[in-house]
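Data first, discussion second: the structure below is written as structure tokens.
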Amino acid sequence: MKSICVFCGSSVGLRENYKNKARSLGKIMALQNITLVFGGGNIGVMREIADSMLENGGEVIGVMPRHIVDKEIAHRQLTKLHIVNTMHERKAMMADLSDAFIALPGGFGTFDELFEVLTWNQLEIISKPAGILNIDGYFDHLLAFINHAVDEKFVRQEHKNNLIVEDDENILLEKLAAFKPQKAEKWIDRLKIDLI
């Protein structure tokens with residue numbers, strides 16, 4: 001893995017450990033010469049991981065739509081900042097620039113980005129590992145809902161298994177590097193599709 005896209009919040013959240021773990025992940029990535037690709041922000045958890053990468057000599061690439069840059073929240077010390085026109089362009093470029101994905105605590109934007117790459121993997125648009133750094137159980141309820149979706153037969157177990165979840169950043173990076181995707185041979189059962 002030469003680059004990892006990290007999805008995370010523009011807020012630092014309630015717990016100090018969200019910031020601490022983001023900074024730890026950034027330091028480890030920098031020391032392993034893994035480039036950080038992220039949303040380009042100068043606020044929240046986004047800033048913490050970017051600053052940690054930069055402080056430890058890492059390469060940081062931001063991707064941000066122009067209308068957000070214009071609000072003056074772009075990080076100005078990055079290795080490179082790509083300015084795009086839309087959120088769709090932002091997500092496509094981040095995916096193109098990255099070998100893997102990690103979600104840290106964040107809000108709707110983080111959820112959207114994570115589920116989009118999971119969907120792209122399912123549809124074989126991409127084949128890149130995706131993981132969650134589950135800091136202090138932040139994602140526990142979301143993971144319970146994903147299990148519910150599996151139980152209710154809306155998500156295939158194989159697709160759920162492709163999401164790597166760890167609370168230790170070192171182990172998460174190791175698992176992302178060793179990732180081999182599970183494929184559902186027949187994830188749409190055409191016999192069960194109601195054509196009426």
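Labels used: A, B, ... for chains in the order of the structure tokens, numbers from 1 for residues in each chain, and numbers from 1 for ligands as shown.
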Within 7 Å of segment 34-50 of chain A, counting only C-alpha atoms, which residues show up once you throw out same-chain ones fewer than 5 positions away? Write them as a PDB file with C-alpha atoms, in the first residue's frame, please.
ATOM      1  CA  MET A   1       0.000   0.000   0.000  1.00  0.00           C
ATOM      2  CA  LYS A   2       1.446   3.290  -1.090  1.00  0.00           C
ATOM      3  CA  SER A   3      -1.553   5.478  -0.219  1.00  0.00           C
ATOM      4  CA  ILE A   4      -4.569   5.321   2.067  1.00  0.00           C
ATOM      5  CA  CYS A   5      -7.632   7.523   1.916  1.00  0.00           C
ATOM      6  CA  VAL A   6      -8.896   8.411   5.386  1.00  0.00           C
ATOM      7  CA  PHE A   7     -12.517   9.489   5.832  1.00  0.00           C
ATOM      8  CA  CYS A   8     -13.073  11.396   9.075  1.00  0.00           C
ATOM      9  CA  GLY A   9     -14.890  14.220  10.786  1.00  0.00           C
ATOM     10  CA  SER A  10     -14.583  17.968  10.434  1.00  0.00           C
ATOM     11  CA  SER A  11     -15.226  17.984  14.195  1.00  0.00           C
ATOM     12  CA  VAL A  12     -12.881  16.574  16.847  1.00  0.00           C
ATOM     13  CA  LYS A  19      -7.845  13.057  18.197  1.00  0.00           C
ATOM     14  CA  ALA A  22      -5.993   9.954  14.506  1.00  0.00           C
ATOM     15  CA  ARG A  23      -2.595  11.446  15.296  1.00  0.00           C
ATOM     16  CA  GLY A  26      -0.954   9.581  10.929  1.00  0.00           C
ATOM     17  CA  MET A  29       1.486   5.957   8.143  1.00  0.00           C
ATOM     18  CA  GLY A  58       4.684  12.221   5.533  1.00  0.00           C
ATOM     19  CA  GLU A  59       3.095  13.105   2.223  1.00  0.00           C
ATOM     20  CA  VAL A  60      -0.454  14.452   2.446  1.00  0.00           C
ATOM     21  CA  ILE A  61      -2.794  14.955  -0.490  1.00  0.00           C
ATOM     22  CA  GLY A  62      -6.067  16.821   0.013  1.00  0.00           C
ATOM     23  CA  VAL A  63      -9.047  16.864  -2.322  1.00  0.00           C
ATOM     24  CA  MET A  64     -11.655  19.575  -1.791  1.00  0.00           C
ATOM     25  CA  ILE A  73     -11.253  25.722   5.677  1.00  0.00           C
ATOM     26  CA  ALA A  74      -8.679  24.155   3.342  1.00  0.00           C
ATOM     27  CA  HIS A  75      -5.420  23.024   4.946  1.00  0.00           C
ATOM     28  CA  LEU A  81      -4.261  20.145  -2.631  1.00  0.00           C
ATOM     29  CA  MET A  94      -9.808  10.251  -3.653  1.00  0.00           C
ATOM     30  CA  SER A  98      -5.768   5.551  -2.953  1.00  0.00           C
TER      31      SER A  98
END
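Taking segment 12-181 of chain A and asking which residues DSSP calls strand (DSSP E) on the backbone, you get Thr35, Leu36, Val37, Phe38, Val60, Ile61, Gly62, Val63, Met64, Pro65, Lys80, Leu81, His82, Ile83, Val84, Ala100, Phe101, Ile102, Ala103, Ala130, Gly131, Ile132, Leu133, Leu163, Ile164, Val165 and Glu166 of chain A.
Restricting the calculation to only C-alpha atoms, the smallest distance between Gln32 of chain A and any of A:Leu173, A:Gln182, A:Val150, A:Leu142 is found for A:Leu173.
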**OP:** Report as a PyMOL selection string: the residues of segment 13-196 of chain A with a DSSP assignment of helix (DSSP H, G or I), based on the backbone of this structure.
**Re:** chain A and resi 16-31+44-55+66-69+87-97+108-122+135-137+140-151+157-161+169-177+190-192
**OP:** Measuring atom to atom with only C-alpha atoms, identify which of A:Gly57, A:Ile125, A:Ile164, A:Pro65 is nearest to Phe101 of chain A.
**Re:**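 Nearest to Phe101 of chain A: A:Ile164.
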Subject >> Polymer residues at most 12 Å from Glu174 of chain A, only C-alpha atoms, same-chain spacing of 3 or more positions, as a list of chain:residue names >> reply: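 Returned residues: A:Met1, A:Ile28, A:Met29, A:Gln32, A:Ala100, A:Pro129, A:Gly131, A:Ile164, A:Val165, A:Glu166, A:Asp168, A:Glu169, A:Asn170, A:Ile171, A:Ala177, A:Ala178, A:Phe179.
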Residues as selected, C-alpha atoms, written as an mmCIF file, in the first residue's frame, can you do that?
data_model
loop_
_atom_site.group_PDB
_atom_site.id
_atom_site.type_symbol
_atom_site.label_atom_id
_atom_site.label_comp_id
_atom_site.auth_asym_id
_atom_site.auth_seq_id
_atom_site.Cartn_x
_atom_site.Cartn_y
_atom_site.Cartn_z
ATOM 1 C CA MET A 1 0.000 0.000 0.000
ATOM 2 C CA ILE A 28 2.484 5.335 11.755
ATOM 3 C CA MET A 29 1.486 5.957 8.143
ATOM 4 C CA GLN A 32 5.760 3.566 6.831
ATOM 5 C CA ALA A 100 -7.063 1.446 0.581
ATOM 6 C CA PRO A 129 -9.573 -2.811 1.071
ATOM 7 C CA GLY A 131 -11.513 -0.570 7.135
ATOM 8 C CA ILE A 164 -12.118 -4.722 8.210
ATOM 9 C CA VAL A 165 -12.813 -3.449 11.727
ATOM 10 C CA GLU A 166 -10.136 -2.921 14.377
ATOM 11 C CA ASP A 168 -5.780 -0.833 17.030
ATOM 12 C CA GLU A 169 -4.294 1.218 14.207
ATOM 13 C CA ASN A 170 -1.242 -1.043 13.759
ATOM 14 C CA ILE A 171 -3.358 -4.182 13.382
ATOM 15 C CA ALA A 177 -2.067 -4.759 3.591
ATOM 16 C CA ALA A 178 -2.914 -8.490 3.716
ATOM 17 C CA PHE A 179 -6.483 -8.090 2.416
#
**OP:** Find the distance between atom CA of Lys175 of chain A and atom CA of Gln157 of chain A and write it in Å to one decimal.
**Re:**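 Separation between atom CA of Lys175 of chain A and atom CA of Gln157 of chain A: 18.4 Å.
Going from atom CA of Val155 of chain A over to atom CA of Asp167 of chain A, you cover 23.4 Å.
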**OP:** Considering only C-alpha atoms, state which residue in the set A:Pro181, A:Thr86, A:Glu158, A:Leu143 is at the smallest distance from Ile126 of chain A.
**Re:** A:Pro181
**OP:** Tell me which protein, DNA and RNA residues are within 8 Å of segment 111-116 of chain A, counting only C-alpha atoms, leaving out same-chain ones fewer than 4 positions away, and put them as a ChimeraX atom specification.
**Re:** /A:7,91,101-103,106-107,120,130
Original post:
Which distance in Å separates atom CA of Leu172 of chain A and atom CA of Ile132 of chain A, to one decimal?
Top reply: 8.0 Å
